[in-house]
Amino acid sequence: MKIFVCTKQVPGISEVKIDPKTNTLIREGVESILNPNDRNALEMALVLKEEQKAEVIALTMGPPQAEEILREALAMGVDKVVLLSDRAFAGADTLATSYTLALAIKKILKESDSEENYLIICGSQAVDGDTGQVPPELAEELGIPQITYVQKLELSEDKIVVERKFRATEIVVIETKLPALISVLTDINKPRFPTMMGIMKAYENSNVIYFDSKNLNADISKIGLNGSMTEVKKIFFPERNGKRIILEGSPEEVVKKLCHHLQEDKIL
Amino acid sequence: MSIKIDHELCTGCASCVESCMYGAIELNNNIAKVLPNCTLCGACIEACPEEAISLERGDIKTKKIDISQYKGVWVIAEHYKNKIHNVAFQLLRKGRELADLLQVNLTLVILGANFDDKLEEFSQYGMDEILYVRAPILKDYYSDLYVKVISELVVQNNPEIILIGATPTGRDFAPRIAKRLNAGLTADCTGLEINPETKNLLQTRPTYGGNILATIQTPSSRPQMATVRPGIFKIPEKVQKDVKIRTIEYQFKEKDSVTKIVKVISKTKNTVNLEDAKYIVAGGRGVGSKENFKLLKDLANVLGAELGGSRITIELNWLDPDRQIGQTGKTVNPKLYIACGISGAIQHIVGMQNSDIIVAINKDPNAPIFHWAHYGIIGDLNEIIPILIQEFKKLKSEE
């Protein structure tokens with residue numbers, strides 16, 4: 001059994017601040033990190049690896065420096081890491097990204113000799129783009145069933161039974177045959193920290209496997225910018241649209257003023 | 001493929017540097033220079049006032065489709081326990097506006113089993129047509145069946161725009177349909193407009209943790225698909241209108257879906273319905289403690305309001321996760337939103353900025369929330385809220 005985990009290098013969004021004077025992004029000190037939700041996917045895969053005989057392979061598509069997050073995945077305990085890196089992949093929207101990831105998964109499956117079954121685990125969404133579109137698109141590209149927003153999984157030889165959260169108050173338990181893809185929610189597990197041994201192994205004894213558009217035999221009209229249907233028209237900062245009436249006076253006075261305004265606005 | 005800068009035209013104004021969210025452009029001898037970490041997103045092209053930036057695509061032959069063949073706006077409904085999710089009706093309001101601008105029909109698409117006697121009621125929400133696909137198995141949601149049926153309908157009918165609620169269900173089937181049809185899809189849109197010249201759908205969405213808004217378009221492919229979070233638009237007023245109802249009896253070849261629903265687990269606890277709340281009282285770090293939320297609860301009770309909070313209040317375990325408002329929580333649009341001790345980080349703002357009236361109570365006069373509030377009170381919430389409760393009670397008794 002092979003378990004693929006799709007990961008992404010993202011900017012540490014929680015550190016991002018807006019400069020209130022210029023209304024622009026302050027980028028200094030914002031590090032690139034492994035997308036937090038992908039850690040949950042890795043943790044789930046590693047638990048499955050311990051319970052059952054499975055090989056865990058982490059993939060990412062990105063610039064050469066995305067190798068860092070793959071080293072981190074290695075340090076956590078995954079068996080193999082693959083970096084899809086090529087200038088021709090740049091500008092990819094989710095359609096082009098899912099096409100490229102699917103090529104890599106097919107290539108790895110083809111090159112492993114046995115008729116193994118496989119499971120793909122993804123985080124539900126990345127903190128930068130926040131679209132959550134790659135997992136279903138990847139499943140479609142591979143022609144396998146998908147179950148998104150998963151909080152619990154039972155894996156057996158040829159099928160999975162998962163708990164999918166589809167409303168705040170309802171969870172649906174779904175069964176499907178392997179191969180399949182799932183995307184997992186955050187907070188479903190506590191991702192492990194890399195061990196000292198793991199870190200040493202990740203940097204000394206393990207290699208990152210590189211794929212580019214050539215050895216993936218990619219159709220260049222389907223990768224990067226060419227394979228992307230959406231394009232960014234513009235980027236801007238949210239406008240502040242309040243009336244900005246600051247009510248002044250003693251607490252009693254401001255409350256009176258507020259109620260007066262709210263009555264005028266027909267809110268009360 | 002690369003970003004090209006015309007050195008003759010570049011004035012070194014740095015508009016492109018500011019527009020780049022990856023920090024991949026810098027000024028070099030007063031001329032813009034693209035760095036290797038450029039992702040080719042193209043945001044700088046629009047930002048350049050001199051039109052000095054262009055995107056060289058190389059000579060790749062991509063299949064061109066005739067986009068003029070695609071007409072009409074579709075809203076796809078989802079349902080649970082035979083009740084249509086409100087987001088579909090909300091999308092009909094926006095869909096009507098877009099369809100009128102394009103002078104095309106607006107269609108509500110329902111895949112279900114037991115909606116025959118409800119269609120007439122739905123027909124009051126302003127669409128021109130209801131497309132009802134009926135099959136017993138469509139009583140429940142199956143990812144693969146939705147993808148199959150909707151993809152087939154799109155190929156047969158060629159709509160130009162498809163709007164879908166950004167719920168766990170919508171976000172499950174929409175990307176898979178987009179992939180099958182090779183259509184552009186934009187997630188979690190907060191604004192939808194039509195470019196008056198090109199007639200392209202301009203889809204605005206928060207990105208980069210809500211710090212930035214990006215407008216996305218799909219110029220050379222159809223349909224243009226967008227998901228929209230519940231609560232962004234309001235349910236339209238009911239109108240009397242002649243609506244064409246098309247019912248399609250769907251026969252599934254394979255008897256079942258590739259997935260099987262084993263069971264549904266419902267939590268019994270009271271549901272929090274922030275999305276439909278008319279009044280919301282929300283707290284942030286400034287509330288100070290879990291105990292202090294009692295004060296906000298009292299205020300909420302007087303108003304008949306729902307209680308909500310910013311992300312930190314959930315992280316500190318002051319409130320339940322389903323009460324979180326903002327980028328990673330719920331999007332709300334009440335008549336009145338009272339923000340207590342909320343500083344106003346943009347991640348929170350994107351979830352509540354569509355409220356009719358925003359009132360902010362905060363000790364810090366420099367808190368960003370005051371830029372967004374219609375009425376601001378600079379002061380200690382422990383002092384203000386009790387007086388506010390008294391005053392609201394008084395007003396209530398006068399009614």
# chains A, B, ... in the order shown; residues from 1 in each chain; ligands from 1

call {"tool": "residues_around", "arguments": {"residues": "B:Ile358", "least_positions_apart": "6", "cutoff": "10 Å", "atoms": "only C-alpha atoms", "output": "PyMOL selection string"}}
result
(chain A and resi 242-244) or (chain B and resi 280+334-339+352+369-370+372-376)

call {"tool": "select_by_dssp", "arguments": {"residues": "stretch 76-322 of chain B", "states": "alpha helix (DSSP H)", "output": "ChimeraX atom specification"}}
result
/B:86-102,119-122,143-157,170-181,293-303,311-315

call {"tool": "select_by_dssp", "arguments": {"residues": "stretch 168-265 of chain B", "states": "strand (DSSP E or B)", "output": "PyMOL selection string"}}
result
chain B and resi 185-189+191-194+201-207+212-217+224-228+244-249+259-265

call {"tool": "residues_around", "arguments": {"residues": "B:Val109", "least_positions_apart": "3", "cutoff": "8 Å", "atoms": "only C-alpha atoms", "output": "PyMOL selection string"}}
result
chain B and resi 74-77+130-133

call {"tool": "interface_residues", "arguments": {"of": "chain A", "to": "chain B", "cutoff": "6 Å", "atoms": "only C-alpha atoms", "output": "number ranges by chain"}}
result
A: 13, 90-91, 128-129, 131, 133, 136-137, 140, 166, 169-176, 229-237, 240-247, 251, 255

call {"tool": "write_last_selection", "arguments": {"atoms": "C-alpha atoms", "output": "short mmCIF file (atom, residue, chain, number, x, y, z; two decimals), in the first residue's frame"}}
result
data_model
loop_
_atom_site.label_atom_id
_atom_site.label_comp_id
_atom_site.auth_asym_id
_atom_site.auth_seq_id
_atom_site.Cartn_x
_atom_site.Cartn_y
_atom_site.Cartn_z
CA ILE A 13 0.14 34.05 7.16
CA ALA A 90 4.94 28.56 -12.60
CA GLY A 91 1.67 30.46 -12.73
CA ASP A 128 -2.38 31.34 1.35
CA GLY A 129 -4.72 30.63 -1.55
CA THR A 131 -9.27 27.53 -2.20
CA GLN A 133 -9.81 22.99 -4.89
CA PRO A 136 -11.14 17.17 -5.67
CA GLU A 137 -9.46 18.19 -8.93
CA GLU A 140 -10.95 13.77 -10.84
CA PHE A 166 -20.50 18.39 6.34
CA THR A 169 -23.90 19.53 13.66
CA GLU A 170 -23.76 16.61 11.24
CA ILE A 171 -21.15 14.06 10.41
CA VAL A 172 -21.70 11.55 7.65
CA VAL A 173 -19.93 8.21 7.68
CA ILE A 174 -18.93 7.22 4.15
CA GLU A 175 -17.38 4.10 2.75
CA THR A 176 -15.52 3.79 -0.52
CA MET A 229 -8.08 28.92 -16.91
CA THR A 230 -8.23 31.60 -14.25
CA GLU A 231 -6.07 34.69 -14.22
CA VAL A 232 -5.50 37.39 -11.65
CA LYS A 233 -6.90 40.65 -12.92
CA LYS A 234 -5.89 42.75 -9.99
CA ILE A 235 -4.74 42.66 -6.40
CA PHE A 236 -5.86 45.30 -3.92
CA PHE A 237 -6.28 46.00 -0.25
CA ARG A 240 -12.55 50.63 4.78
CA ASN A 241 -16.12 51.65 4.35
CA GLY A 242 -17.40 52.60 7.80
CA LYS A 243 -19.10 55.88 8.53
CA ARG A 244 -16.57 56.32 11.29
CA ILE A 245 -18.64 58.35 13.69
CA ILE A 246 -16.85 58.29 17.01
CA LEU A 247 -19.37 58.97 19.77
CA PRO A 251 -20.50 56.42 29.08
CA VAL A 255 -24.91 55.01 24.95
#

call {"tool": "decode", "arguments": {"residues": "stretch 91-106 of chain A", "atoms": "all heavy atoms", "output": "PDB file, in the first residue's frame"}}
result
ATOM      1  N   GLY A  91       2.915  29.828 -12.320  1.00  0.00           N
ATOM      2  CA  GLY A  91       1.666  30.460 -12.730  1.00  0.00           C
ATOM      3  C   GLY A  91       0.502  29.486 -12.769  1.00  0.00           C
ATOM      4  O   GLY A  91      -0.557  29.799 -13.306  1.00  0.00           O
ATOM      5  N   ALA A  92       0.700  28.302 -12.195  1.00  0.00           N
ATOM      6  CA  ALA A  92      -0.356  27.278 -12.238  1.00  0.00           C
ATOM      7  C   ALA A  92      -1.514  27.653 -11.331  1.00  0.00           C
ATOM      8  O   ALA A  92      -1.311  28.046 -10.187  1.00  0.00           O
ATOM      9  CB  ALA A  92       0.215  25.932 -11.797  1.00  0.00           C
ATOM     10  N   ASP A  93      -2.736  27.547 -11.846  1.00  0.00           N
ATOM     11  CA  ASP A  93      -3.895  27.617 -10.961  1.00  0.00           C
ATOM     12  C   ASP A  93      -4.191  26.184 -10.494  1.00  0.00           C
ATOM     13  O   ASP A  93      -3.375  25.275 -10.709  1.00  0.00           O
ATOM     14  CB  ASP A  93      -5.091  28.321 -11.625  1.00  0.00           C
ATOM     15  CG  ASP A  93      -5.739  27.514 -12.751  1.00  0.00           C
ATOM     16  OD1 ASP A  93      -5.262  26.400 -13.053  1.00  0.00           O
ATOM     17  OD2 ASP A  93      -6.725  28.007 -13.329  1.00  0.00           O
ATOM     18  N   THR A  94      -5.351  25.966  -9.873  1.00  0.00           N
ATOM     19  CA  THR A  94      -5.580  24.640  -9.283  1.00  0.00           C
ATOM     20  C   THR A  94      -5.734  23.557 -10.359  1.00  0.00           C
ATOM     21  O   THR A  94      -5.380  22.409 -10.117  1.00  0.00           O
ATOM     22  CB  THR A  94      -6.818  24.653  -8.366  1.00  0.00           C
ATOM     23  OG1 THR A  94      -7.958  25.044  -9.123  1.00  0.00           O
ATOM     24  CG2 THR A  94      -6.629  25.620  -7.205  1.00  0.00           C
ATOM     25  N   LEU A  95      -6.240  23.940 -11.540  1.00  0.00           N
ATOM     26  CA  LEU A  95      -6.389  22.945 -12.612  1.00  0.00           C
ATOM     27  C   LEU A  95      -5.026  22.422 -13.049  1.00  0.00           C
ATOM     28  O   LEU A  95      -4.814  21.218 -13.165  1.00  0.00           O
ATOM     29  CB  LEU A  95      -7.103  23.559 -13.824  1.00  0.00           C
ATOM     30  CG  LEU A  95      -8.589  23.861 -13.710  1.00  0.00           C
ATOM     31  CD1 LEU A  95      -9.090  24.511 -14.992  1.00  0.00           C
ATOM     32  CD2 LEU A  95      -9.390  22.611 -13.417  1.00  0.00           C
ATOM     33  N   ALA A  96      -4.092  23.350 -13.286  1.00  0.00           N
ATOM     34  CA  ALA A  96      -2.761  22.958 -13.739  1.00  0.00           C
ATOM     35  C   ALA A  96      -2.004  22.236 -12.627  1.00  0.00           C
ATOM     36  O   ALA A  96      -1.275  21.272 -12.880  1.00  0.00           O
ATOM     37  CB  ALA A  96      -1.986  24.197 -14.200  1.00  0.00           C
ATOM     38  N   THR A  97      -2.196  22.675 -11.397  1.00  0.00           N
ATOM     39  CA  THR A  97      -1.516  22.034 -10.268  1.00  0.00           C
ATOM     40  C   THR A  97      -1.970  20.579 -10.116  1.00  0.00           C
ATOM     41  O   THR A  97      -1.154  19.675  -9.946  1.00  0.00           O
ATOM     42  CB  THR A  97      -1.804  22.802  -8.961  1.00  0.00           C
ATOM     43  OG1 THR A  97      -1.382  24.154  -9.138  1.00  0.00           O
ATOM     44  CG2 THR A  97      -1.058  22.196  -7.777  1.00  0.00           C
ATOM     45  N   SER A  98      -3.289  20.364 -10.204  1.00  0.00           N
ATOM     46  CA  SER A  98      -3.795  19.004 -10.002  1.00  0.00           C
ATOM     47  C   SER A  98      -3.358  18.088 -11.148  1.00  0.00           C
ATOM     48  O   SER A  98      -3.065  16.919 -10.934  1.00  0.00           O
ATOM     49  CB  SER A  98      -5.315  19.005  -9.842  1.00  0.00           C
ATOM     50  OG  SER A  98      -5.931  19.632 -10.941  1.00  0.00           O
ATOM     51  N   TYR A  99      -3.273  18.643 -12.350  1.00  0.00           N
ATOM     52  CA  TYR A  99      -2.789  17.856 -13.496  1.00  0.00           C
ATOM     53  C   TYR A  99      -1.353  17.399 -13.239  1.00  0.00           C
ATOM     54  O   TYR A  99      -1.012  16.227 -13.428  1.00  0.00           O
ATOM     55  CB  TYR A  99      -2.865  18.689 -14.784  1.00  0.00           C
ATOM     56  CG  TYR A  99      -2.127  18.071 -15.960  1.00  0.00           C
ATOM     57  CD1 TYR A  99      -2.656  16.972 -16.639  1.00  0.00           C
ATOM     58  CD2 TYR A  99      -0.896  18.577 -16.380  1.00  0.00           C
ATOM     59  CE1 TYR A  99      -1.975  16.395 -17.707  1.00  0.00           C
ATOM     60  CE2 TYR A  99      -0.208  18.002 -17.449  1.00  0.00           C
ATOM     61  CZ  TYR A  99      -0.747  16.916 -18.102  1.00  0.00           C
ATOM     62  OH  TYR A  99      -0.071  16.335 -19.154  1.00  0.00           O
ATOM     63  N   THR A 100      -0.522  18.325 -12.766  1.00  0.00           N
ATOM     64  CA  THR A 100       0.899  18.030 -12.566  1.00  0.00           C
ATOM     65  C   THR A 100       1.090  17.016 -11.430  1.00  0.00           C
ATOM     66  O   THR A 100       1.874  16.069 -11.555  1.00  0.00           O
ATOM     67  CB  THR A 100       1.660  19.340 -12.273  1.00  0.00           C
ATOM     68  OG1 THR A 100       1.244  20.336 -13.219  1.00  0.00           O
ATOM     69  CG2 THR A 100       3.165  19.146 -12.391  1.00  0.00           C
ATOM     70  N   LEU A 101       0.358  17.216 -10.336  1.00  0.00           N
ATOM     71  CA  LEU A 101       0.458  16.270  -9.215  1.00  0.00           C
ATOM     72  C   LEU A 101       0.027  14.863  -9.652  1.00  0.00           C
ATOM     73  O   LEU A 101       0.647  13.861  -9.272  1.00  0.00           O
ATOM     74  CB  LEU A 101      -0.415  16.730  -8.036  1.00  0.00           C
ATOM     75  CG  LEU A 101       0.102  17.921  -7.219  1.00  0.00           C
ATOM     76  CD1 LEU A 101      -0.989  18.428  -6.286  1.00  0.00           C
ATOM     77  CD2 LEU A 101       1.351  17.549  -6.406  1.00  0.00           C
ATOM     78  N   ALA A 102      -1.031  14.810 -10.470  1.00  0.00           N
ATOM     79  CA  ALA A 102      -1.531  13.509 -10.933  1.00  0.00           C
ATOM     80  C   ALA A 102      -0.478  12.794 -11.779  1.00  0.00           C
ATOM     81  O   ALA A 102      -0.290  11.578 -11.656  1.00  0.00           O
ATOM     82  CB  ALA A 102      -2.825  13.698 -11.725  1.00  0.00           C
ATOM     83  N   LEU A 103       0.232  13.558 -12.626  1.00  0.00           N
ATOM     84  CA  LEU A 103       1.294  12.948 -13.443  1.00  0.00           C
ATOM     85  C   LEU A 103       2.357  12.307 -12.559  1.00  0.00           C
ATOM     86  O   LEU A 103       2.825  11.198 -12.831  1.00  0.00           O
ATOM     87  CB  LEU A 103       1.971  14.018 -14.318  1.00  0.00           C
ATOM     88  CG  LEU A 103       1.239  14.522 -15.554  1.00  0.00           C
ATOM     89  CD1 LEU A 103       2.140  15.491 -16.304  1.00  0.00           C
ATOM     90  CD2 LEU A 103       0.824  13.373 -16.464  1.00  0.00           C
ATOM     91  N   ALA A 104       2.726  13.025 -11.507  1.00  0.00           N
ATOM     92  CA  ALA A 104       3.776  12.527 -10.617  1.00  0.00           C
ATOM     93  C   ALA A 104       3.317  11.245  -9.918  1.00  0.00           C
ATOM     94  O   ALA A 104       4.077  10.271  -9.819  1.00  0.00           O
ATOM     95  CB  ALA A 104       4.145  13.596  -9.602  1.00  0.00           C
ATOM     96  N   ILE A 105       2.069  11.241  -9.459  1.00  0.00           N
ATOM     97  CA  ILE A 105       1.550  10.057  -8.757  1.00  0.00           C
ATOM     98  C   ILE A 105       1.484   8.865  -9.713  1.00  0.00           C
ATOM     99  O   ILE A 105       1.887   7.751  -9.376  1.00  0.00           O
ATOM    100  CB  ILE A 105       0.178  10.385  -8.107  1.00  0.00           C
ATOM    101  CG1 ILE A 105       0.419  11.309  -6.907  1.00  0.00           C
ATOM    102  CG2 ILE A 105      -0.557   9.109  -7.682  1.00  0.00           C
ATOM    103  CD1 ILE A 105      -0.820  11.923  -6.314  1.00  0.00           C
ATOM    104  N   LYS A 106       1.029   9.118 -10.938  1.00  0.00           N
ATOM    105  CA  LYS A 106       0.965   8.031 -11.928  1.00  0.00           C
ATOM    106  C   LYS A 106       2.353   7.483 -12.238  1.00  0.00           C
ATOM    107  O   LYS A 106       2.536   6.282 -12.378  1.00  0.00           O
ATOM    108  CB  LYS A 106       0.311   8.546 -13.222  1.00  0.00           C
ATOM    109  CG  LYS A 106      -1.203   8.640 -13.146  1.00  0.00           C
ATOM    110  CD  LYS A 106      -1.769   8.976 -14.526  1.00  0.00           C
ATOM    111  CE  LYS A 106      -2.798  10.064 -14.434  1.00  0.00           C
ATOM    112  NZ  LYS A 106      -3.190  10.640 -15.703  1.00  0.00           N
TER     113      LYS A 106
END
